[in-house]
Amino acid sequence: VLTNMECFEKVTQKIVFLLQNPDLYKGKMTQIVHIPVMNLVMLFGVPYQVDGQMKHIIITNQMLMQWKITVEQLCEVAYANTRRLRPLQICSLSDLLHKIAKENMGEHYDLDFVDTLLGDVSPELYVISNMKGVYGASSLFYEGAIKACSEALDSDLVLLPSSVHEWLCCRHNLESRIAELCKMVYDINRQEVAVEDRLSDTVYIYHRKEDILE
């Protein structure tokens with residue numbers, strides 16, 4: 001991949017956009033192409049595999065100058081590629097966990113047994129990601145994605161940044177305990193999520209009538 005980075009035409013079909021925590025790039029933000037999104041940041045990269053794990057070569061301002069393209073052109077290419085290579089997936093957390101269990105258990109998959117294991121999983125929790133489940137947090141910003149989820153649940157949304165790979169969302173109402181959810185996200189980030197996969201400690205609200213995410 002590195003040998004192809006000098007030529008824009010060789011990586012045009014591979015460039016994607018990523019939603020990341022800016023704290024991971026302290027001291028580097030002046031060097032890389034980025035777009036602030038609330039308290040997060042949108043970066044651009046070319047994916048590659050290392051020992052079965054996906055990594056990205058992050059696009060820098062120097063690369064942009066070498067390629068002789070604008071940030072707007074980069075955004076257009078990355079957006080089209082990301083939607084094509086990493087299609088949106090919205091499903092209930094319960095359904096997703098059943099799917100994962102079925103893939104791993106094969107012929108030994110037992111619906112009742114898995115239901116028992118997932119007994120405490122709320123049917124009201126949904127996952128927003130991509131079909132690959134990798135770096136899927138950016139899919140929230142696919143055109144119409146968050147609005148479609150809101151309409152499906154017929155409600156404003158509370159959005160929990162599970163990791164750079166996905167969001168959890170649920171209906172937002174007067175009973176939503178935002179302070180408790182913020183503490184939960186903070187604790188899970190510190191105890192369960194690798195530093196490089198942490199997206200944010202913030203809980204976000206989507207107001208469907210105004211079409212505003214804050």
# chains A, B, ... in the order shown; residues from 1 in each chain; ligands from 1
call {"tool": "residues_around", "arguments": {"residues": "stretch 10-17 of chain A", "least_positions_apart": "6", "cutoff": "9 Å", "atoms": "only C-alpha atoms", "output": "list in words"}}
result
Val1, Asn4, Met42, Leu43, Phe44, Gly45, Val46, Pro47, Ile59, Leu74, Cys75, Val77, Ala78, Tyr79, Ala80, Asn81, Thr82, Arg83, Leu85 and Ser138 of chain A
call {"tool": "write_last_selection", "arguments": {"atoms": "C-alpha atoms", "output": "PDB file, in the first residue's frame"}}
result
ATOM      1  CA  VAL A   1       0.000   0.000   0.000  1.00  0.00           C
ATOM      2  CA  ASN A   4       1.019   3.237  -4.073  1.00  0.00           C
ATOM      3  CA  MET A  42     -13.398  12.950  10.572  1.00  0.00           C
ATOM      4  CA  LEU A  43     -10.168  11.596   9.086  1.00  0.00           C
ATOM      5  CA  PHE A  44      -9.384   9.975   5.749  1.00  0.00           C
ATOM      6  CA  GLY A  45      -7.357   6.845   5.162  1.00  0.00           C
ATOM      7  CA  VAL A  46      -6.417   3.919   2.967  1.00  0.00           C
ATOM      8  CA  PRO A  47      -7.093   0.548   4.652  1.00  0.00           C
ATOM      9  CA  ILE A  59      -4.123  11.024   4.599  1.00  0.00           C
ATOM     10  CA  LEU A  74     -11.061  14.039  -1.175  1.00  0.00           C
ATOM     11  CA  CYS A  75     -14.351  14.144   0.758  1.00  0.00           C
ATOM     12  CA  VAL A  77     -14.157  10.279  -3.182  1.00  0.00           C
ATOM     13  CA  ALA A  78     -13.991   9.020   0.416  1.00  0.00           C
ATOM     14  CA  TYR A  79     -17.738   9.327   0.988  1.00  0.00           C
ATOM     15  CA  ALA A  80     -18.605   7.359  -2.155  1.00  0.00           C
ATOM     16  CA  ASN A  81     -16.021   4.671  -1.381  1.00  0.00           C
ATOM     17  CA  THR A  82     -17.025   4.272   2.263  1.00  0.00           C
ATOM     18  CA  ARG A  83     -20.702   3.792   1.441  1.00  0.00           C
ATOM     19  CA  LEU A  85     -17.134  -0.669   0.624  1.00  0.00           C
ATOM     20  CA  SER A 138     -18.607   6.787  10.556  1.00  0.00           C
TER      21      SER A 138
END
call {"tool": "residues_around", "arguments": {"residues": "A:Asp156", "least_positions_apart": "5", "cutoff": "8 Å", "atoms": "only C-alpha atoms", "output": "list of chain:residue names"}}
result
A:Ser150, A:Arg171, A:His172, A:Asn173, A:Ile205, A:Tyr206, A:His207, A:Arg208
call {"tool": "write_last_selection", "arguments": {"atoms": "N, CA, C and O atoms", "output": "compact mmCIF listing (two decimals), in the first residue's frame"}}
result
# COMPACT_ATOMS: atom_id res chain seq x y z
N SER A 150 -34.20 7.00 13.36
CA SER A 150 -35.15 7.74 14.18
C SER A 150 -36.59 7.46 13.76
O SER A 150 -37.48 7.28 14.59
N ARG A 171 -34.47 4.98 22.09
CA ARG A 171 -35.43 6.10 22.08
C ARG A 171 -35.08 7.11 23.17
O ARG A 171 -34.66 6.74 24.26
N HIS A 172 -35.27 8.37 22.85
CA HIS A 172 -35.06 9.44 23.83
C HIS A 172 -36.41 9.97 24.30
O HIS A 172 -37.25 10.34 23.50
N ASN A 173 -36.61 9.96 25.60
CA ASN A 173 -37.86 10.49 26.16
C ASN A 173 -37.55 11.18 27.48
O ASN A 173 -36.38 11.31 27.87
N ILE A 205 -27.62 13.46 21.48
CA ILE A 205 -29.07 13.43 21.29
C ILE A 205 -29.39 13.85 19.85
O ILE A 205 -28.86 14.85 19.36
N TYR A 206 -30.26 13.08 19.21
CA TYR A 206 -30.74 13.46 17.88
C TYR A 206 -32.20 13.88 17.98
O TYR A 206 -33.05 13.12 18.45
N HIS A 207 -32.48 15.12 17.57
CA HIS A 207 -33.84 15.65 17.56
C HIS A 207 -34.38 15.54 16.14
O HIS A 207 -33.95 16.27 15.25
N ARG A 208 -35.31 14.62 15.93
CA ARG A 208 -35.72 14.33 14.56
C ARG A 208 -36.52 15.45 13.92
O ARG A 208 -36.43 15.67 12.71
call {"tool": "residues_around", "arguments": {"residues": "stretch 21-33 of chain A", "least_positions_apart": "6", "cutoff": "7 Å", "atoms": "only C-alpha atoms", "output": "PDB file with N, CA, C and O atoms, in the first residue's frame"}}
result
ATOM      1  N   LEU A  40     -15.700  15.334  17.924  1.00  0.00           N
ATOM      2  CA  LEU A  40     -14.991  14.249  17.253  1.00  0.00           C
ATOM      3  C   LEU A  40     -14.279  14.813  16.030  1.00  0.00           C
ATOM      4  O   LEU A  40     -14.282  16.013  15.784  1.00  0.00           O
ATOM      5  N   VAL A  41     -13.671  13.929  15.262  1.00  0.00           N
ATOM      6  CA  VAL A  41     -12.982  14.389  14.060  1.00  0.00           C
ATOM      7  C   VAL A  41     -13.124  13.341  12.962  1.00  0.00           C
ATOM      8  O   VAL A  41     -13.095  12.132  13.226  1.00  0.00           O
ATOM      9  N   LEU A  43     -11.455  11.761   9.757  1.00  0.00           N
ATOM     10  CA  LEU A  43     -10.168  11.596   9.086  1.00  0.00           C
ATOM     11  C   LEU A  43     -10.369  10.793   7.810  1.00  0.00           C
ATOM     12  O   LEU A  43     -11.437  10.227   7.569  1.00  0.00           O
ATOM     13  N   PHE A  44      -9.317  10.711   7.002  1.00  0.00           N
ATOM     14  CA  PHE A  44      -9.384   9.975   5.749  1.00  0.00           C
ATOM     15  C   PHE A  44      -8.195   9.029   5.677  1.00  0.00           C
ATOM     16  O   PHE A  44      -7.084   9.386   6.090  1.00  0.00           O
ATOM     17  N   ILE A  59      -4.464  10.052   5.635  1.00  0.00           N
ATOM     18  CA  ILE A  59      -4.123  11.024   4.599  1.00  0.00           C
ATOM     19  C   ILE A  59      -3.619  12.321   5.250  1.00  0.00           C
ATOM     20  O   ILE A  59      -4.266  12.881   6.136  1.00  0.00           O
ATOM     21  N   THR A  60      -2.463  12.788   4.798  1.00  0.00           N
ATOM     22  CA  THR A  60      -1.864  14.006   5.334  1.00  0.00           C
ATOM     23  C   THR A  60      -2.038  15.172   4.358  1.00  0.00           C
ATOM     24  O   THR A  60      -2.348  14.976   3.176  1.00  0.00           O
ATOM     25  N   ASN A  61      -1.810  16.373   4.861  1.00  0.00           N
ATOM     26  CA  ASN A  61      -1.869  17.559   4.008  1.00  0.00           C
ATOM     27  C   ASN A  61      -0.806  17.493   2.912  1.00  0.00           C
ATOM     28  O   ASN A  61      -1.027  17.953   1.789  1.00  0.00           O
ATOM     29  N   ARG A 198     -11.514   3.836  21.440  1.00  0.00           N
ATOM     30  CA  ARG A 198     -12.445   4.739  22.129  1.00  0.00           C
ATOM     31  C   ARG A 198     -12.839   5.885  21.207  1.00  0.00           C
ATOM     32  O   ARG A 198     -11.993   6.514  20.589  1.00  0.00           O
ATOM     33  N   LEU A 199     -14.142   6.143  21.154  1.00  0.00           N
ATOM     34  CA  LEU A 199     -14.625   7.230  20.311  1.00  0.00           C
ATOM     35  C   LEU A 199     -14.873   8.494  21.121  1.00  0.00           C
ATOM     36  O   LEU A 199     -14.364   9.570  20.800  1.00  0.00           O
ATOM     37  N   SER A 200     -15.653   8.382  22.197  1.00  0.00           N
ATOM     38  CA  SER A 200     -16.000   9.559  22.989  1.00  0.00           C
ATOM     39  C   SER A 200     -16.615   9.126  24.310  1.00  0.00           C
ATOM     40  O   SER A 200     -17.159   8.024  24.432  1.00  0.00           O
TER      41      SER A 200
END
call {"tool": "residues_around", "arguments": {"residues": "A:Cys149", "least_positions_apart": "5", "cutoff": "9 Å", "atoms": "only C-alpha atoms", "output": "PyMOL selection string"}}
result
chain A and resi 90+126+128+144+154-155+157+169
call {"tool": "closest_residue", "arguments": {"among": "A:Leu88, A:Leu125, A:Val164, A:Leu159", "to": "A:Ala145", "atoms": "only C-alpha atoms"}}
result
A:Leu88
call {"tool": "atom_distance", "arguments": {"atom1": "atom CA of A:Met5", "atom2": "atom CA of A:Glu72"}}
result
18.9 Å
